[in-house]
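Engineer: You'll find target-v9.txt just under this line, and it carries compact mmCIF, C-alpha atoms and all ligand atoms.
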# COMPACT_ATOMS: atom_id res chain seq x y z
CA MET L 1 127.10 121.83 111.50
CA ARG L 2 123.91 121.29 113.43
CA GLU L 3 120.88 119.41 112.33
CA TYR L 4 117.47 121.03 112.54
CA GLU L 5 113.98 120.08 111.55
CA THR L 6 111.32 122.62 110.74
CA THR L 7 107.65 121.82 110.45
CA PHE L 8 105.36 124.47 109.06
CA ILE L 9 101.63 124.58 108.51
CA VAL L 10 100.42 126.05 105.26
CA ARG L 11 96.85 127.24 104.72
CA ALA L 12 94.84 124.26 103.49
CA GLU L 13 93.26 126.22 100.64
CA LEU L 14 96.64 126.80 99.01
CA SER L 15 97.15 124.49 96.03
CA ASP L 16 99.67 121.66 96.09
CA ASP L 17 101.66 123.53 93.48
CA ALA L 18 101.83 126.61 95.64
CA VAL L 19 103.00 124.53 98.58
CA ARG L 20 105.67 122.90 96.46
CA GLN L 21 106.82 126.30 95.23
CA LEU L 22 107.01 127.63 98.74
CA SER L 23 108.94 124.56 99.86
CA ASP L 24 111.41 125.00 97.03
CA ARG L 25 111.96 128.55 98.15
CA ILE L 26 112.74 127.37 101.68
CA LYS L 27 115.08 124.72 100.33
CA SER L 28 116.95 127.28 98.24
CA VAL L 29 117.27 129.50 101.31
CA ILE L 30 118.87 126.60 103.18
CA GLU L 31 121.27 125.83 100.35
CA ARG L 32 122.18 129.47 99.86
CA HIS L 33 123.34 129.61 103.49
CA ASN L 34 125.59 126.57 103.19
CA GLY L 35 123.05 124.19 104.62
CA ALA L 36 121.95 120.87 103.17
CA VAL L 37 118.43 119.50 102.94
CA LEU L 38 118.40 115.98 104.40
CA ASP L 39 114.75 115.12 104.28
CA PHE L 40 111.62 116.74 102.96
CA GLN L 41 108.01 115.67 103.23
CA ILE L 42 104.66 117.22 102.49
CA MET L 43 102.58 115.43 105.07
CA GLY L 44 99.29 116.68 103.69
CA ARG L 45 96.15 118.36 104.95
CA GLN L 46 95.25 117.51 108.52
CA ASN L 47 92.76 118.72 111.06
CA LEU L 48 94.23 121.19 113.52
CA ALA L 49 93.71 120.52 117.21
CA TYR L 50 92.65 124.14 117.61
CA ARG L 51 91.91 126.93 115.18
CA ILE L 52 94.75 129.04 113.91
CA GLU L 53 93.77 132.25 112.12
CA LYS L 54 90.22 130.87 111.97
CA GLN L 55 91.42 127.83 110.05
CA ALA L 56 90.42 124.32 111.12
CA LYS L 57 92.70 122.53 108.67
CA GLY L 58 96.29 122.93 107.63
CA ASN L 59 98.80 121.43 105.24
CA TYR L 60 101.82 120.15 107.14
CA VAL L 61 105.29 120.35 105.61
CA PHE L 62 108.41 118.92 107.20
CA ILE L 63 112.04 119.71 106.36
CA ASP L 64 115.14 118.17 107.94
CA TYR L 65 118.39 120.02 107.24
CA THR L 66 121.86 120.86 108.45
CA GLY L 67 123.28 124.31 108.90
CA ASP L 68 124.18 126.92 111.45
CA THR L 69 122.14 129.52 113.28
CA ALA L 70 122.10 131.79 110.23
CA VAL L 71 120.18 129.18 108.26
CA VAL L 72 117.52 128.85 110.92
CA ALA L 73 117.19 132.60 111.25
CA GLU L 74 116.74 132.99 107.51
CA VAL L 75 114.32 130.07 107.16
CA GLU L 76 112.18 131.38 110.00
CA ARG L 77 112.27 134.91 108.60
CA THR L 78 111.06 133.62 105.24
CA LEU L 79 108.27 131.67 106.90
CA ARG L 80 107.23 134.61 109.02
CA LEU L 81 106.94 136.87 106.00
CA ASP L 82 104.81 134.44 104.03
CA GLU L 83 101.06 135.04 104.35
CA GLY L 84 100.26 131.40 103.60
CA ILE L 85 102.00 130.08 106.71
CA LEU L 86 99.82 129.52 109.75
CA LYS L 87 102.50 128.35 112.15
CA PHE L 88 105.96 126.82 112.24
CA LEU L 89 108.35 125.19 114.69
CA THR L 90 112.07 124.51 114.41
CA VAL L 91 113.72 121.88 116.57
CA LYS L 92 117.44 121.16 116.89
CA THR L 93 118.00 117.43 116.54
CA GLY L 94 121.77 117.11 116.40
CA GLU L 95 125.09 118.77 117.10
CA ASN L 96 128.23 118.39 114.96
CA VAL L 97 126.55 116.35 112.25
CA ASP L 98 128.01 115.40 108.92
CA ALA L 99 125.43 116.04 106.22
CA LYS L 100 126.65 113.19 104.02
CA VAL L 101 126.56 110.64 106.83
CA ARG L 102 123.09 111.70 107.91
CA LEU L 103 121.83 111.69 104.33
CA GLU L 104 122.90 108.07 104.04
CA GLU L 105 121.34 107.18 107.40
CA ILE L 106 118.04 108.70 106.39
CA ARG L 107 118.12 106.89 103.05
CA VAL L 108 118.68 103.54 104.80
CA ARG L 109 115.94 104.26 107.31
CA LYS L 110 113.49 105.07 104.54
CA GLU L 111 114.36 101.88 102.69
CA LYS L 112 113.71 99.84 105.80
CA LEU L 113 110.41 101.61 106.28
CA ALA L 114 109.43 100.83 102.70
CA GLU L 115 110.30 97.19 103.27
CA ALA L 116 108.19 97.10 106.41
CA MET L 117 105.29 98.58 104.48
CA ALA L 118 105.72 95.88 101.84
CA ALA L 119 105.37 93.22 104.52
CA PRO L 120 101.81 93.95 105.71
CA ALA L 121 101.95 91.96 108.95
CA VAL L 122 104.90 93.90 110.29
CA ALA L 123 103.43 97.24 109.26
CA ALA L 124 100.13 96.47 110.94
CA GLU L 125 101.91 95.55 114.13
CA ALA L 126 103.84 98.80 114.18
CA ALA L 127 100.68 100.78 113.58
CA SER L 128 98.82 99.12 116.42
CA LYS L 129 101.65 99.71 118.86
CA SER L 130 100.97 103.37 119.41
CA GLU L 131 97.27 102.61 119.76
CA GLU L 132 97.94 100.04 122.44
CA ALA L 133 100.06 102.49 124.36
CA THR L 134 97.28 105.04 124.32
CA GLU L 135 94.71 102.54 125.51
CA GLU L 136 96.82 101.39 128.41
CA VAL L 137 97.29 104.86 129.79
CA THR L 138 93.62 105.68 129.35
CA GLU L 139 92.89 102.62 131.46
CA ALA L 140 95.39 103.74 134.05
CA ILE L 141 93.81 107.18 134.24
CA GLU L 142 90.37 105.70 134.75
CA GLU L 143 91.69 103.37 137.41
CA ASN L 144 93.21 106.25 139.27
CA ALA L 145 90.02 108.24 139.04
CA ASN L 146 88.08 105.35 140.58
CA ALA L 147 90.58 104.77 143.34
CA MET W 1 117.27 88.28 146.61
CA PRO W 2 114.89 85.52 147.75
CA LYS W 3 111.31 86.62 148.24
CA LYS W 4 110.24 86.91 151.82
CA LYS W 5 107.26 84.83 152.77
CA PHE W 6 104.56 86.59 154.67
CA ASP W 7 100.87 86.34 155.36
CA LYS W 8 98.97 88.00 152.55
CA LYS W 9 96.10 88.89 154.85
CA PHE W 10 98.22 91.44 156.61
CA ASP W 11 100.06 92.68 153.57
CA LYS W 12 98.86 96.25 153.64
CA LYS W 13 101.42 97.42 151.12
CA ASN W 14 99.95 95.27 148.39
CA ASP W 15 96.35 95.70 149.42
CA LYS W 16 94.60 96.05 146.10
CA LYS W 17 91.71 98.07 147.47
CA LYS W 18 94.00 100.69 148.83
CA PHE W 19 96.51 100.82 145.99
CA GLY W 20 94.63 100.38 142.71
CA THR W 21 94.80 97.01 141.01
CA GLY W 22 98.33 96.36 142.10
CA ARG W 23 99.38 95.80 138.52
CA LYS W 24 103.03 96.53 138.16
CA LYS W 25 103.62 99.64 136.12
CA SER W 26 106.65 99.83 133.94
CA CYS W 27 107.96 102.25 131.40
CA ARG W 28 106.53 101.36 128.02
CA PHE W 29 109.36 103.06 126.16
CA CYS W 30 112.01 101.12 128.07
CA GLN W 31 110.25 97.85 127.35
CA ASP W 32 109.73 98.54 123.69
CA LYS W 33 112.80 100.12 122.14
CA GLU W 34 111.05 100.42 118.80
CA LEU W 35 108.44 102.77 120.19
CA ARG W 36 109.67 106.28 119.48
CA ILE W 37 108.55 109.43 121.21
CA ASP W 38 107.89 111.90 118.43
CA TYR W 39 106.19 115.27 118.72
CA LYS W 40 104.64 114.60 115.31
CA ASP W 41 102.83 111.52 116.61
CA GLY W 42 99.73 113.18 118.05
CA ARG W 43 97.91 109.90 118.51
CA LEU W 44 100.58 108.45 120.76
CA LEU W 45 100.90 111.63 122.80
CA LEU W 46 97.16 111.88 123.38
CA GLY W 47 97.63 108.86 125.61
CA PHE W 48 99.73 110.90 127.98
CA VAL W 49 97.36 113.80 128.48
CA THR W 50 93.94 113.93 130.14
CA GLU W 51 90.75 114.65 128.19
CA ARG W 52 91.26 118.26 129.12
CA GLY W 53 94.72 118.18 127.59
CA ARG W 54 96.80 118.25 130.76
CA LEU W 55 99.90 116.12 131.14
CA VAL W 56 99.41 112.90 133.08
CA PRO W 57 101.91 112.45 135.91
CA ARG W 58 104.51 109.74 135.83
CA ARG W 59 103.05 107.86 138.78
CA ILE W 60 100.01 107.11 136.64
CA THR W 61 101.56 106.60 133.21
CA GLY W 62 104.31 104.43 134.66
CA ASN W 63 106.97 106.13 132.56
CA CYS W 64 110.50 106.31 133.89
CA ALA W 65 111.98 109.73 134.64
CA PHE W 66 113.92 109.87 131.38
CA HIS W 67 111.01 108.96 129.14
CA GLN W 68 108.52 111.10 131.03
CA ARG W 69 110.77 114.07 130.30
CA GLU W 70 110.83 113.13 126.63
CA VAL W 71 107.05 112.78 126.59
CA THR W 72 106.62 116.15 128.29
CA LEU W 73 108.82 117.85 125.73
CA ALA W 74 107.06 116.11 122.85
CA VAL W 75 103.62 117.08 124.19
CA LYS W 76 104.65 120.72 124.43
CA ARG W 77 105.96 120.71 120.88
CA ALA W 78 102.91 118.87 119.58
CA ARG W 79 100.68 121.52 121.16
CA ILE W 80 102.52 124.30 119.36
CA LEU W 81 102.01 122.58 116.02
CA ALA W 82 98.33 121.89 116.75
CA TYR W 83 98.77 118.12 116.67
CA ILE W 84 97.12 118.03 120.09
CA PRO W 85 95.11 120.72 121.89
CA PHE W 86 96.39 122.99 124.63
CA THR W 87 93.01 122.85 126.42
CA ALA W 88 89.69 121.09 126.14
CA THR W 89 87.77 124.22 125.18
CA GLN W 90 89.76 124.39 122.01
CA VAL W 91 88.59 120.92 120.99
CA ARG W 92 85.06 122.19 120.61
CA HIS W 93 86.18 124.77 118.08
CA ALA W 94 88.16 122.27 116.04
CA ASN W 95 85.22 119.91 115.60
CA PHE W 96 82.60 122.47 114.73
ZN ZN C 201 111.75 104.55 130.22
I'd like the structure from this file rewritten - as structure tokens, please.
Ligand SMILES: [Zn+2]
Structural biologist:
Amino acid sequence: MREYETTFIVRAELSDDAVRQLSDRIKSVIERHNGAVLDFQIMGRQNLAYRIEKQAKGNYVFIDYTGDTAVVAEVERTLRLDEGILKFLTVKTGENVDAKVRLEEIRVRKEKLAEAMAAPAVAAEAASKSEEATEEVTEAIEENANA
Amino acid sequence: MPKKKFDKKFDKKNDKKKFGTGRKKSCRFCQDKELRIDYKDGRLLLGFVTERGRLVPRRITGNCAFHQREVTLAVKRARILAYIPFTATQVRHANF
């Protein structure tokens, strides 16, 4: 079994209930084709970096699952047929994975994340890390431009 | 290896005027193992593209070959999912 993750962008005007319904449909598609859902997250409405179908905002949904090529084909077909989907992307993240093992790994990872969130100092540090990285490169670009 | 001593005045290789600030660049992702390259992290990836949205070369970002490849892949995926723009002209539309 391979592991895949699919992110899809739902029209922002669609209600949370509609998004949940749609997600359940995708999940049932995965399960029907002998796949297993490992992780699922509705990441919420975000600004799009560019307009898609004249929309400036979209609701991001993320699903991590195992399965074979048939699962991906069916998931993508379902997404393509749905009018509420602006865009989607599927990425293969693992080969020969055991769904049970991965499920446990993801559970542990989430627990750790929750712990980190509980300890505010650690969480703040993690959050600032990506910012720092961005700043440094911006500096480097400017330096190069001046040189 | 012991460092060779030489007169700094004639050290053209490390001449700051000619070669930027001379600050040693090193791969951020090798230094910090916690820092993950994720195509869903638009904020992080924006640091590796120019204002116009083009990828910044490795010689400027300081990334190692392995991590630059990861960044490149992540940037391309992030563009598809509209986490970051393909081009600058598109930014104008997004912030109307
Ligand atoms: Zn590296």
Engineer: Measuring atom to atom with only C-alpha atoms, identify which of W:Phe66, W:Ala74, W:Leu55, W:Arg28 is nearest to chain L.
Structural biologist: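 Comparing W:Phe66, W:Ala74, W:Leu55, W:Arg28 against chain L, the winner is W:Arg28.
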Engineer: When the cut-off is 9 Å and you count only C-alpha atoms and all ligand atoms, which residues lie near ligand ZN 201 (chain C), shown as a PyMOL selection string?
Structural biologist: chain W and resi 26-31+62-68
Engineer: Could you tell me how far atom CA of L:Val37 lies from atom CA of L:Val75, in Å and to one decimal?
Structural biologist: 12.1 Å
Engineer: Find the residues around W:Arg54 up to 9 Å (only C-alpha atoms counted), leave out those fewer than 6 positions away in its own chain, and share them as a PDB file with C-alpha atoms, in the coordinates of the input.
Structural biologist:
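Output (out-v3.pdb):
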ATOM      1  CA  PHE W  48      99.730 110.900 127.980  1.00  0.00           C
ATOM      2  CA  PHE W  86      96.390 122.990 124.630  1.00  0.00           C
ATOM      3  CA  THR W  87      93.010 122.850 126.420  1.00  0.00           C
ATOM      4  CA  ALA W  88      89.690 121.090 126.140  1.00  0.00           C
TER       5      ALA W  88
END
Engineer: To one decimal place, how far is atom CA of L:Val91 from atom CA of L:Ile26 in Å?
Structural biologist: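 It comes out at 15.9 Å.
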Engineer: Closest to W:Leu44 among W:Pro57, W:Leu81, W:Asp32, W:Val75, using only C-alpha atoms?
Structural biologist: W:Val75
Engineer: Complete stretch 63-92 of chain L with N, CA and C atoms (output as a PDB file, in the coordinates of the input).
Structural biologist:
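Final output, rebuild_16.pdb:
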ATOM      1  N   ILE L  63     110.708 119.676 106.989  1.00  0.00           N
ATOM      2  CA  ILE L  63     112.040 119.710 106.360  1.00  0.00           C
ATOM      3  C   ILE L  63     113.099 119.414 107.419  1.00  0.00           C
ATOM      4  N   ASP L  64     114.007 118.517 107.073  1.00  0.00           N
ATOM      5  CA  ASP L  64     115.140 118.170 107.940  1.00  0.00           C
ATOM      6  C   ASP L  64     116.382 118.683 107.223  1.00  0.00           C
ATOM      7  N   TYR L  65     117.230 119.442 107.914  1.00  0.00           N
ATOM      8  CA  TYR L  65     118.390 120.020 107.240  1.00  0.00           C
ATOM      9  C   TYR L  65     119.547 120.271 108.197  1.00  0.00           C
ATOM     10  N   THR L  66     120.704 120.480 107.628  1.00  0.00           N
ATOM     11  CA  THR L  66     121.860 120.860 108.450  1.00  0.00           C
ATOM     12  C   THR L  66     122.180 122.316 108.159  1.00  0.00           C
ATOM     13  N   GLY L  67     122.907 122.918 109.084  1.00  0.00           N
ATOM     14  CA  GLY L  67     123.280 124.310 108.900  1.00  0.00           C
ATOM     15  C   GLY L  67     123.662 124.933 110.224  1.00  0.00           C
ATOM     16  N   ASP L  68     123.872 126.235 110.193  1.00  0.00           N
ATOM     17  CA  ASP L  68     124.180 126.920 111.450  1.00  0.00           C
ATOM     18  C   ASP L  68     123.019 127.844 111.802  1.00  0.00           C
ATOM     19  N   THR L  69     123.230 128.669 112.796  1.00  0.00           N
ATOM     20  CA  THR L  69     122.140 129.520 113.280  1.00  0.00           C
ATOM     21  C   THR L  69     121.620 130.463 112.196  1.00  0.00           C
ATOM     22  N   ALA L  70     122.512 130.860 111.287  1.00  0.00           N
ATOM     23  CA  ALA L  70     122.100 131.790 110.230  1.00  0.00           C
ATOM     24  C   ALA L  70     121.033 131.168 109.342  1.00  0.00           C
ATOM     25  N   VAL L  71     121.157 129.867 109.097  1.00  0.00           N
ATOM     26  CA  VAL L  71     120.180 129.180 108.260  1.00  0.00           C
ATOM     27  C   VAL L  71     118.804 129.222 108.918  1.00  0.00           C
ATOM     28  N   VAL L  72     118.788 128.871 110.204  1.00  0.00           N
ATOM     29  CA  VAL L  72     117.520 128.850 110.920  1.00  0.00           C
ATOM     30  C   VAL L  72     116.887 130.232 110.928  1.00  0.00           C
ATOM     31  N   ALA L  73     117.700 131.238 111.200  1.00  0.00           N
ATOM     32  CA  ALA L  73     117.190 132.600 111.250  1.00  0.00           C
ATOM     33  C   ALA L  73     116.558 132.985 109.922  1.00  0.00           C
ATOM     34  N   GLU L  74     117.219 132.619 108.837  1.00  0.00           N
ATOM     35  CA  GLU L  74     116.740 132.990 107.510  1.00  0.00           C
ATOM     36  C   GLU L  74     115.489 132.195 107.121  1.00  0.00           C
ATOM     37  N   VAL L  75     115.493 130.902 107.454  1.00  0.00           N
ATOM     38  CA  VAL L  75     114.320 130.070 107.160  1.00  0.00           C
ATOM     39  C   VAL L  75     113.107 130.611 107.914  1.00  0.00           C
ATOM     40  N   GLU L  76     113.308 130.904 109.184  1.00  0.00           N
ATOM     41  CA  GLU L  76     112.180 131.380 110.000  1.00  0.00           C
ATOM     42  C   GLU L  76     111.712 132.749 109.534  1.00  0.00           C
ATOM     43  N   ARG L  77     112.645 133.577 109.096  1.00  0.00           N
ATOM     44  CA  ARG L  77     112.270 134.910 108.600  1.00  0.00           C
ATOM     45  C   ARG L  77     111.394 134.762 107.351  1.00  0.00           C
ATOM     46  N   THR L  78     111.818 133.874 106.469  1.00  0.00           N
ATOM     47  CA  THR L  78     111.060 133.620 105.240  1.00  0.00           C
ATOM     48  C   THR L  78     109.650 133.130 105.559  1.00  0.00           C
ATOM     49  N   LEU L  79     109.573 132.220 106.526  1.00  0.00           N
ATOM     50  CA  LEU L  79     108.270 131.670 106.900  1.00  0.00           C
ATOM     51  C   LEU L  79     107.374 132.738 107.507  1.00  0.00           C
ATOM     52  N   ARG L  80     108.001 133.580 108.324  1.00  0.00           N
ATOM     53  CA  ARG L  80     107.230 134.610 109.020  1.00  0.00           C
ATOM     54  C   ARG L  80     106.645 135.603 108.026  1.00  0.00           C
ATOM     55  N   LEU L  81     107.377 135.874 106.978  1.00  0.00           N
ATOM     56  CA  LEU L  81     106.940 136.870 106.000  1.00  0.00           C
ATOM     57  C   LEU L  81     105.857 136.329 105.072  1.00  0.00           C
ATOM     58  N   ASP L  82     105.771 135.022 104.973  1.00  0.00           N
ATOM     59  CA  ASP L  82     104.810 134.440 104.030  1.00  0.00           C
ATOM     60  C   ASP L  82     103.400 134.404 104.636  1.00  0.00           C
ATOM     61  N   GLU L  83     102.450 134.936 103.872  1.00  0.00           N
ATOM     62  CA  GLU L  83     101.060 135.040 104.350  1.00  0.00           C
ATOM     63  C   GLU L  83     100.404 133.662 104.450  1.00  0.00           C
ATOM     64  N   GLY L  84     100.885 132.720 103.659  1.00  0.00           N
ATOM     65  CA  GLY L  84     100.260 131.400 103.600  1.00  0.00           C
ATOM     66  C   GLY L  84     100.617 130.490 104.763  1.00  0.00           C
ATOM     67  N   ILE L  85     101.550 130.921 105.599  1.00  0.00           N
ATOM     68  CA  ILE L  85     102.000 130.080 106.710  1.00  0.00           C
ATOM     69  C   ILE L  85     101.191 130.381 107.967  1.00  0.00           C
ATOM     70  N   LEU L  86     100.599 129.346 108.526  1.00  0.00           N
ATOM     71  CA  LEU L  86      99.820 129.520 109.750  1.00  0.00           C
ATOM     72  C   LEU L  86     100.723 129.477 110.974  1.00  0.00           C
ATOM     73  N   LYS L  87     101.648 128.527 110.993  1.00  0.00           N
ATOM     74  CA  LYS L  87     102.500 128.350 112.150  1.00  0.00           C
ATOM     75  C   LYS L  87     103.723 127.531 111.758  1.00  0.00           C
ATOM     76  N   PHE L  88     104.801 127.668 112.509  1.00  0.00           N
ATOM     77  CA  PHE L  88     105.960 126.820 112.240  1.00  0.00           C
ATOM     78  C   PHE L  88     106.730 126.566 113.536  1.00  0.00           C
ATOM     79  N   LEU L  89     107.522 125.512 113.526  1.00  0.00           N
ATOM     80  CA  LEU L  89     108.350 125.190 114.690  1.00  0.00           C
ATOM     81  C   LEU L  89     109.657 124.564 114.214  1.00  0.00           C
ATOM     82  N   THR L  90     110.760 125.069 114.738  1.00  0.00           N
ATOM     83  CA  THR L  90     112.070 124.510 114.410  1.00  0.00           C
ATOM     84  C   THR L  90     112.637 123.842 115.655  1.00  0.00           C
ATOM     85  N   VAL L  91     113.171 122.651 115.464  1.00  0.00           N
ATOM     86  CA  VAL L  91     113.720 121.880 116.570  1.00  0.00           C
ATOM     87  C   VAL L  91     115.140 121.456 116.208  1.00  0.00           C
ATOM     88  N   LYS L  92     116.069 121.630 117.136  1.00  0.00           N
ATOM     89  CA  LYS L  92     117.440 121.160 116.890  1.00  0.00           C
ATOM     90  C   LYS L  92     117.492 119.676 117.229  1.00  0.00           C
TER      91      LYS L  92
END
